file input.txt (compact mmCIF, C-alpha atoms)
# COMPACT_ATOMS: atom_id res chain seq x y z
CA MET A 1 1.39 -78.01 -197.86
CA SER A 2 1.77 -75.84 -200.95
CA PRO A 3 2.09 -77.43 -204.40
CA LEU A 4 5.74 -76.39 -204.56
CA ASP A 5 6.45 -78.00 -201.20
CA TRP A 6 4.70 -81.18 -202.39
CA LEU A 7 6.77 -81.26 -205.58
CA GLU A 8 9.96 -80.57 -203.67
CA LYS A 9 9.27 -83.51 -201.41
CA ARG A 10 8.67 -85.79 -204.40
CA ILE A 11 11.93 -84.97 -206.16
CA ARG A 12 14.07 -84.97 -203.02
CA PRO A 13 15.23 -88.61 -203.49
CA ILE A 14 16.50 -87.88 -207.01
CA ALA A 15 17.75 -84.31 -206.52
CA ILE A 16 21.20 -83.68 -207.96
CA PRO A 17 23.67 -81.91 -205.65
CA TYR A 18 26.06 -79.28 -207.03
CA LEU A 19 23.79 -78.75 -210.03
CA THR A 20 25.26 -75.31 -210.69
CA GLN A 21 28.76 -76.74 -211.00
CA ILE A 22 27.52 -79.44 -213.36
CA ILE A 23 25.86 -76.86 -215.61
CA ILE A 24 29.00 -74.71 -215.59
CA ALA A 25 31.18 -77.71 -216.48
CA GLY A 26 28.87 -78.51 -219.38
CA GLN A 27 28.87 -74.94 -220.66
CA VAL A 28 32.65 -74.69 -220.40
CA ALA A 29 32.97 -77.92 -222.38
CA CYS A 30 30.53 -76.60 -224.99
CA PHE A 31 32.44 -73.30 -225.22
CA VAL A 32 35.73 -75.11 -225.77
CA ILE A 33 34.18 -77.43 -228.36
CA ARG A 34 32.76 -74.45 -230.23
CA GLU A 35 36.22 -72.89 -230.41
CA VAL A 36 37.51 -76.10 -231.99
CA ASN A 37 34.50 -77.17 -234.02
CA PRO A 38 31.56 -74.71 -234.16
CA LEU A 39 29.36 -77.16 -236.05
CA ALA A 40 29.75 -79.78 -233.31
CA ALA A 41 28.79 -77.27 -230.62
CA ASP A 42 25.70 -76.26 -232.56
CA ARG A 43 24.40 -79.80 -232.20
CA ALA A 44 23.80 -79.02 -228.52
CA VAL A 45 21.28 -76.28 -229.34
CA LEU A 46 17.62 -77.16 -228.86
CA ILE A 47 15.61 -76.81 -232.08
CA PRO A 48 12.37 -78.75 -231.50
CA GLN A 49 11.90 -79.61 -235.16
CA LEU A 50 15.25 -81.41 -235.18
CA VAL A 51 14.18 -83.29 -232.06
CA LEU A 52 11.07 -84.41 -233.92
CA ASP A 53 13.38 -85.53 -236.71
CA GLY A 54 15.24 -87.81 -234.32
CA GLU A 55 17.95 -85.67 -232.68
CA TYR A 56 16.64 -86.38 -229.20
CA TRP A 57 19.87 -85.51 -227.38
CA ARG A 58 19.20 -81.82 -227.94
CA VAL A 59 16.54 -81.91 -225.22
CA ILE A 60 19.24 -82.88 -222.72
CA SER A 61 22.16 -80.89 -224.10
CA PHE A 62 20.61 -77.45 -224.53
CA PRO A 63 21.07 -76.31 -220.87
CA PHE A 64 24.82 -76.76 -221.45
CA HIS A 65 24.97 -74.70 -224.61
CA ALA A 66 27.05 -71.56 -224.06
CA PHE A 67 25.36 -68.68 -225.86
CA ALA A 68 28.11 -66.16 -225.01
CA GLU A 69 30.80 -66.05 -227.69
CA ASN A 70 33.18 -63.57 -226.08
CA ILE A 71 35.49 -65.41 -223.68
CA PHE A 72 35.66 -62.46 -221.26
CA LEU A 73 31.87 -62.21 -220.98
CA PHE A 74 31.62 -65.98 -220.80
CA LEU A 75 34.03 -66.22 -217.86
CA ILE A 76 32.25 -63.41 -216.01
CA GLY A 77 28.93 -65.14 -216.63
CA MET A 78 30.25 -68.47 -215.35
CA TRP A 79 31.69 -66.85 -212.22
CA ALA A 80 28.39 -65.06 -211.55
CA LEU A 81 26.39 -68.24 -212.13
CA TYR A 82 28.66 -70.17 -209.76
CA PHE A 83 28.36 -67.59 -207.00
CA ILE A 84 24.62 -66.99 -207.38
CA GLY A 85 23.62 -70.60 -208.01
CA SER A 86 25.72 -71.97 -205.14
CA THR A 87 24.29 -69.35 -202.80
CA LEU A 88 20.71 -70.24 -203.76
CA GLU A 89 21.36 -73.96 -203.38
CA SER A 90 22.81 -73.36 -199.91
CA LEU A 91 19.83 -71.17 -199.00
CA TRP A 92 17.09 -73.41 -200.40
CA GLY A 93 18.62 -76.83 -200.20
CA THR A 94 19.40 -79.14 -203.09
CA SER A 95 15.87 -80.38 -203.77
CA ARG A 96 14.20 -76.96 -203.97
CA TYR A 97 17.00 -75.57 -206.14
CA ASN A 98 16.63 -78.58 -208.42
CA LEU A 99 12.90 -77.98 -208.60
CA TYR A 100 13.40 -74.33 -209.50
CA LEU A 101 15.62 -75.18 -212.47
CA LEU A 102 13.51 -78.19 -213.42
CA VAL A 103 10.39 -76.05 -213.77
CA GLY A 104 12.25 -73.60 -216.00
CA TYR A 105 13.67 -76.44 -218.05
CA LEU A 106 10.36 -78.25 -218.58
CA VAL A 107 8.42 -75.09 -219.46
CA SER A 108 11.15 -73.95 -221.87
CA VAL A 109 11.18 -77.31 -223.65
CA ALA A 110 7.40 -77.52 -223.84
CA ALA A 111 7.04 -73.94 -225.06
CA GLY A 112 9.71 -74.53 -227.70
CA PHE A 113 7.44 -76.91 -229.57
CA ILE A 114 4.95 -74.09 -230.17
CA TYR A 115 7.41 -72.73 -232.74
CA PRO A 116 9.50 -75.82 -233.48
CA ASP A 117 11.77 -74.17 -236.06
CA ARG A 118 13.11 -71.67 -233.52
CA VAL A 119 16.12 -72.07 -231.24
CA VAL A 120 15.05 -72.51 -227.60
CA SER A 121 16.91 -70.27 -225.17
CA ASN A 122 18.24 -71.56 -221.85
CA MET A 123 17.71 -68.18 -220.22
CA PHE A 124 15.85 -69.94 -217.39
CA ILE A 125 19.26 -70.82 -215.98
CA GLY A 126 21.07 -67.52 -215.78
CA THR A 127 18.30 -64.94 -215.76
CA SER A 128 15.82 -66.64 -213.47
CA VAL A 129 18.55 -67.74 -211.05
CA PHE A 130 19.85 -64.18 -210.81
CA LEU A 131 16.36 -62.74 -210.25
CA ALA A 132 15.72 -65.26 -207.48
CA PHE A 133 19.01 -64.24 -205.88
CA ALA A 134 18.04 -60.55 -206.10
CA VAL A 135 14.81 -61.24 -204.23
CA TYR A 136 16.77 -62.54 -201.24
CA PHE A 137 19.81 -60.27 -201.47
CA PRO A 138 18.63 -56.99 -203.03
CA GLU A 139 21.44 -54.93 -201.44
CA MET A 140 24.25 -57.15 -202.70
CA VAL A 141 26.64 -55.11 -204.83
CA PHE A 142 27.89 -56.46 -208.16
CA ARG A 143 30.60 -54.85 -210.23
CA ILE A 144 29.52 -54.68 -213.85
CA PHE A 145 32.52 -55.61 -216.01
CA LEU A 146 34.41 -55.78 -212.70
CA ILE A 147 34.28 -51.97 -212.46
CA VAL A 148 30.85 -50.34 -211.99
CA PRO A 149 29.22 -51.13 -208.61
CA VAL A 150 25.48 -51.78 -208.89
CA LYS A 151 23.13 -53.28 -206.32
CA ALA A 152 21.39 -56.52 -207.21
CA LYS A 153 17.94 -54.94 -206.95
CA TRP A 154 18.78 -52.37 -209.62
CA CYS A 155 20.29 -55.02 -211.90
CA ALA A 156 17.13 -57.05 -211.42
CA ALA A 157 14.92 -54.05 -212.14
CA LEU A 158 16.86 -53.33 -215.33
CA THR A 159 16.64 -56.98 -216.37
CA LEU A 160 12.90 -57.09 -215.80
CA GLY A 161 12.50 -53.79 -217.63
CA ILE A 162 14.36 -55.05 -220.70
CA LEU A 163 12.44 -58.33 -220.69
CA SER A 164 9.15 -56.47 -220.33
CA ILE A 165 9.94 -54.18 -223.26
CA ASN A 166 10.99 -57.13 -225.41
CA PHE A 167 7.86 -59.01 -224.41
CA ILE A 168 5.61 -56.09 -225.33
CA THR A 169 7.33 -55.13 -228.56
CA GLY A 170 8.57 -58.54 -229.71
CA GLU A 171 6.94 -61.04 -232.00
CA ALA A 172 4.99 -64.02 -230.72
CA PRO A 173 7.95 -66.46 -230.65
CA ALA A 174 10.00 -63.99 -228.61
CA ARG A 175 7.12 -63.54 -226.17
CA VAL A 176 6.77 -67.28 -225.74
CA SER A 177 10.51 -67.62 -225.14
CA ILE A 178 10.55 -64.86 -222.51
CA ALA A 179 7.45 -66.20 -220.76
CA ALA A 180 8.91 -69.71 -220.69
CA GLY A 181 12.28 -68.52 -219.40
CA MET A 182 10.61 -66.58 -216.60
CA ALA A 183 8.01 -69.21 -215.68
CA ASN A 184 9.94 -70.66 -212.74
CA PHE A 185 10.69 -67.23 -211.29
CA LEU A 186 7.06 -66.12 -211.55
CA LEU A 187 5.82 -69.41 -210.08
CA PHE A 188 8.16 -69.25 -207.10
CA PHE A 189 8.11 -65.50 -206.47
CA GLY A 190 4.92 -64.16 -208.04
CA SER A 191 3.08 -63.88 -204.73
CA THR A 192 6.16 -62.37 -203.06
CA ILE A 193 6.47 -59.69 -205.74
CA VAL A 194 2.76 -58.86 -205.58
CA GLY A 195 2.98 -58.61 -201.79
CA ARG A 196 5.97 -56.27 -201.97
CA LEU A 197 4.26 -54.09 -204.56
CA ARG A 198 1.17 -53.83 -202.38
CA LYS A 199 3.30 -52.99 -199.37
CA ALA A 200 5.14 -50.33 -201.38
CA GLN A 201 1.79 -48.92 -202.52
CA ARG A 202 0.50 -48.79 -198.95
CA THR A 203 3.72 -47.12 -197.82
CA ALA A 204 3.48 -44.51 -200.58
CA THR A 205 -0.17 -43.87 -199.71
CA ASP A 206 0.65 -43.48 -196.02
CA GLN A 207 3.49 -41.09 -196.84
CA ALA A 208 1.20 -39.03 -199.06
CA ILE A 209 -1.39 -38.83 -196.29
CA ARG A 210 1.22 -37.80 -193.74
CA HIS A 211 2.53 -35.19 -196.15
CA ARG A 212 -0.96 -33.76 -196.66
CA GLU A 213 -1.50 -33.74 -192.91
CA SER A 214 1.78 -31.91 -192.38
CA GLN A 215 0.78 -29.31 -194.97
CA ARG A 216 -2.67 -28.78 -193.50
CA ALA A 217 -3.08 -25.46 -191.69
CA PHE A 218 -3.79 -25.54 -187.99
CA HIS A 219 -5.09 -21.96 -187.89
CA GLU A 220 -7.14 -20.27 -190.63
CA CYS A 221 -8.68 -16.81 -190.44
CA ALA A 222 -12.42 -16.93 -190.96
CA MET A 223 -12.30 -13.47 -192.54
CA CYS A 224 -9.35 -13.40 -194.96
CA GLY A 225 -8.47 -17.09 -195.23
CA ARG A 226 -4.82 -16.63 -194.31
CA THR A 227 -3.31 -19.54 -192.39
CA ASP A 228 -0.35 -20.34 -190.23
CA LYS A 229 1.11 -22.13 -193.27
CA THR A 230 0.76 -19.26 -195.74
CA ASN A 231 1.70 -16.65 -193.12
CA PRO A 232 3.83 -18.34 -190.46
CA ASN A 233 4.66 -15.03 -188.71
CA LEU A 234 1.02 -14.07 -188.33
CA GLU A 235 -0.67 -14.51 -184.94
CA PHE A 236 -4.11 -16.09 -184.68
CA ARG A 237 -6.76 -15.90 -181.98
CA TYR A 238 -10.12 -17.52 -181.36
CA CYS A 239 -13.13 -15.35 -180.64
CA SER A 240 -15.03 -16.48 -177.56
CA LYS A 241 -17.92 -14.10 -178.38
CA CYS A 242 -18.69 -15.85 -181.66
CA SER A 243 -20.64 -19.07 -181.89
CA GLY A 244 -18.22 -21.97 -182.35
CA ASN A 245 -15.18 -19.90 -181.37
CA PRO A 246 -13.95 -19.24 -184.95
CA CYS A 247 -10.33 -18.37 -185.67
CA TYR A 248 -9.19 -14.92 -186.79
CA CYS A 249 -5.83 -13.46 -187.63
CA GLU A 250 -4.39 -10.60 -185.63
CA ASP A 251 -5.73 -8.11 -188.19
CA HIS A 252 -9.34 -9.28 -187.86
CA ILE A 253 -9.66 -10.55 -184.30
CA GLY A 254 -10.80 -7.13 -183.20
CA GLU A 255 -12.54 -6.07 -186.40
CA HIS A 256 -15.09 -8.69 -187.34
CA PRO A 257 -18.86 -9.04 -186.88
CA HIS A 258 -19.59 -11.48 -184.14
CA VAL A 259 -21.37 -14.61 -185.29
CA THR A 260 -24.10 -15.95 -183.04
CA ASP A 261 -26.53 -18.86 -183.32
CA ALA A 262 -29.40 -16.42 -183.62
CA ALA A 263 -27.76 -14.79 -186.61

call {"tool": "encode", "arguments": {"input": "input.txt", "output": "structure tokens"}}
result
Amino acid sequence: MSPLDWLEKRIRPIAIPYLTQIIIAGQVACFVIREVNPLAADRAVLIPQLVLDGEYWRVISFPFHAFAENIFLFLIGMWALYFIGSTLESLWGTSRYNLYLLVGYLVSVAAGFIYPDRVVSNMFIGTSVFLAFAVYFPEMVFRIFLIVPVKAKWCAALTLGILSINFITGEAPARVSIAAGMANFLLFFGSTIVGRLRKAQRTATDQAIRHRESQRAFHECAMCGRTDKTNPNLEFRYCSKCSGNPCYCEDHIGEHPHVTDAA
């Protein structure tokens, strides 16, 4: 039994069904509250230093904080989260889906205390859930802004590319935030990704070998070096009077010194 399977078994009795819908309801409530009273909504944001100062509820409320401010983008994000999260929960089961989000939550909270004055992102919800979905359904087509059709695997590749660039070029707090937000995805799918990369590498190597083999000449004149690849209309013959039966083109099959073992 793998460590993840062991953990999944342990949390099964307390796993929360319909967790995606609960998160969406919380984020919708937070979005509405922010429209009415922005200061009240900001009290849901996780800032570890404020937790240390006694505002403990922030540890629980920050997954429900809606970072999107544009209502159109927010609604698209909530629809995508509902579809993707519900699909993953149906595929995995409630306990494993709970474990996936729980790992992201715990790592994000713990990492936040490294730089306690910074706001802790809840990217482990949307980003990591989408990447997990893309692993299972890479050919699924999404319509960006309800217009541009893009396959999930390309959206995932773009997401990972942007995160990688930000991780490399960003400051230490940003790197910690990205690493924490991606921890659950890497833990659950790290070996799968490595396996796919190795398989892709083997496939590329095999294709390169087959290509080289297809380009290799079958006939090559021992005198002039011309081949059936460089001169496809040229005829080639093998000399039975020469040791080893070397190949010659039609221009040299009758005009070449015979090679013998004694020579």

call {"tool": "closest_residue", "arguments": {"input": "input.txt", "among": "A:Ile125, A:Leu106, A:Leu101, A:Ala152", "to": "His65 (chain A)", "atoms": "only C-alpha atoms"}}
result
A:Ile125

call {"tool": "atom_distance", "arguments": {"input": "input.txt", "atom1": "CA of Ala15 (chain A)", "atom2": "CA of Thr94 (chain A)"}}
result
6.4 Å

call {"tool": "atom_distance", "arguments": {"input": "input.txt", "atom1": "CA of Leu160 (chain A)", "atom2": "CA of Val148 (chain A)"}}
result
19.6 Å

call {"tool": "residues_near_point", "arguments": {"input": "input.txt", "point": "(-12.7, -13.6, -187.8)", "cutoff": "10 Å", "atoms": "only C-alpha atoms", "output": "list in words"}}
result
Glu220, Cys221, Ala222, Met223, Cys224, Gly225, Phe236, Arg237, Tyr238, Cys239, Cys242, Asn245, Pro246, Cys247, Tyr248, Cys249, Glu250, Asp251, His252, Ile253, Gly254, Glu255, His256, Pro257, His258 and Val259 of chain A

call {"tool": "write_last_selection", "arguments": {"input": "input.txt", "atoms": "C-alpha atoms", "output": "PDB file, in the coordinates of the input"}}
result
ATOM      1  CA  GLU A 220      -7.140 -20.270-190.630  1.00  0.00           C
ATOM      2  CA  CYS A 221      -8.680 -16.810-190.440  1.00  0.00           C
ATOM      3  CA  ALA A 222     -12.420 -16.930-190.960  1.00  0.00           C
ATOM      4  CA  MET A 223     -12.300 -13.470-192.540  1.00  0.00           C
ATOM      5  CA  CYS A 224      -9.350 -13.400-194.960  1.00  0.00           C
ATOM      6  CA  GLY A 225      -8.470 -17.090-195.230  1.00  0.00           C
ATOM      7  CA  PHE A 236      -4.110 -16.090-184.680  1.00  0.00           C
ATOM      8  CA  ARG A 237      -6.760 -15.900-181.980  1.00  0.00           C
ATOM      9  CA  TYR A 238     -10.120 -17.520-181.360  1.00  0.00           C
ATOM     10  CA  CYS A 239     -13.130 -15.350-180.640  1.00  0.00           C
ATOM     11  CA  CYS A 242     -18.690 -15.850-181.660  1.00  0.00           C
ATOM     12  CA  ASN A 245     -15.180 -19.900-181.370  1.00  0.00           C
ATOM     13  CA  PRO A 246     -13.950 -19.240-184.950  1.00  0.00           C
ATOM     14  CA  CYS A 247     -10.330 -18.370-185.670  1.00  0.00           C
ATOM     15  CA  TYR A 248      -9.190 -14.920-186.790  1.00  0.00           C
ATOM     16  CA  CYS A 249      -5.830 -13.460-187.630  1.00  0.00           C
ATOM     17  CA  GLU A 250      -4.390 -10.600-185.630  1.00  0.00           C
ATOM     18  CA  ASP A 251      -5.730  -8.110-188.190  1.00  0.00           C
ATOM     19  CA  HIS A 252      -9.340  -9.280-187.860  1.00  0.00           C
ATOM     20  CA  ILE A 253      -9.660 -10.550-184.300  1.00  0.00           C
ATOM     21  CA  GLY A 254     -10.800  -7.130-183.200  1.00  0.00           C
ATOM     22  CA  GLU A 255     -12.540  -6.070-186.400  1.00  0.00           C
ATOM     23  CA  HIS A 256     -15.090  -8.690-187.340  1.00  0.00           C
ATOM     24  CA  PRO A 257     -18.860  -9.040-186.880  1.00  0.00           C
ATOM     25  CA  HIS A 258     -19.590 -11.480-184.140  1.00  0.00           C
ATOM     26  CA  VAL A 259     -21.370 -14.610-185.290  1.00  0.00           C
TER      27      VAL A 259
END

call {"tool": "residues_around", "arguments": {"input": "input.txt", "residues": "Leu4 (chain A)", "least_positions_apart": "5", "cutoff": "10 Å", "atoms": "only C-alpha atoms", "output": "ChimeraX atom specification"}}
result
/A:9-10,96,99-100,187-188

call {"tool": "closest_residue", "arguments": {"input": "input.txt", "among": "A:Asp117, A:Glu139, A:Glu235, A:Asp5", "to": "Val45 (chain A)", "atoms": "all atoms listed in the file"}}
result
A:Asp117

call {"tool": "residues_around", "arguments": {"input": "input.txt", "residues": "Ser121 (chain A)", "least_positions_apart": "3", "cutoff": "10 Å", "atoms": "all atoms listed in the file", "output": "count of residues only"}}
result
19

call {"tool": "atom_distance", "arguments": {"input": "input.txt", "atom1": "CA of Glu35 (chain A)", "atom2": "CA of Glu69 (chain A)"}}
result
9.1 Å

call {"tool": "closest_residue", "arguments": {"input": "input.txt", "among": "A:Pro38, A:Gly85, A:Pro48, A:Gly54", "to": "Ala66 (chain A)", "atoms": "only C-alpha atoms"}}
result
A:Pro38

call {"tool": "closest_residue", "arguments": {"input": "input.txt", "among": "A:Asn184, A:Thr127, A:Thr227, A:Thr159", "to": "Leu102 (chain A)", "atoms": "all atoms listed in the file"}}
result
A:Asn184

call {"tool": "closest_residue", "arguments": {"input": "input.txt", "among": "A:Leu7, A:Ile168, A:Leu234, A:Ala134", "to": "Ile193 (chain A)", "atoms": "all atoms listed in the file"}}
result
A:Ala134

call {"tool": "closest_residue", "arguments": {"input": "input.txt", "among": "A:Ile71, A:Phe64, A:Val194, A:Asn98", "to": "Ile16 (chain A)", "atoms": "only C-alpha atoms"}}
result
A:Asn98
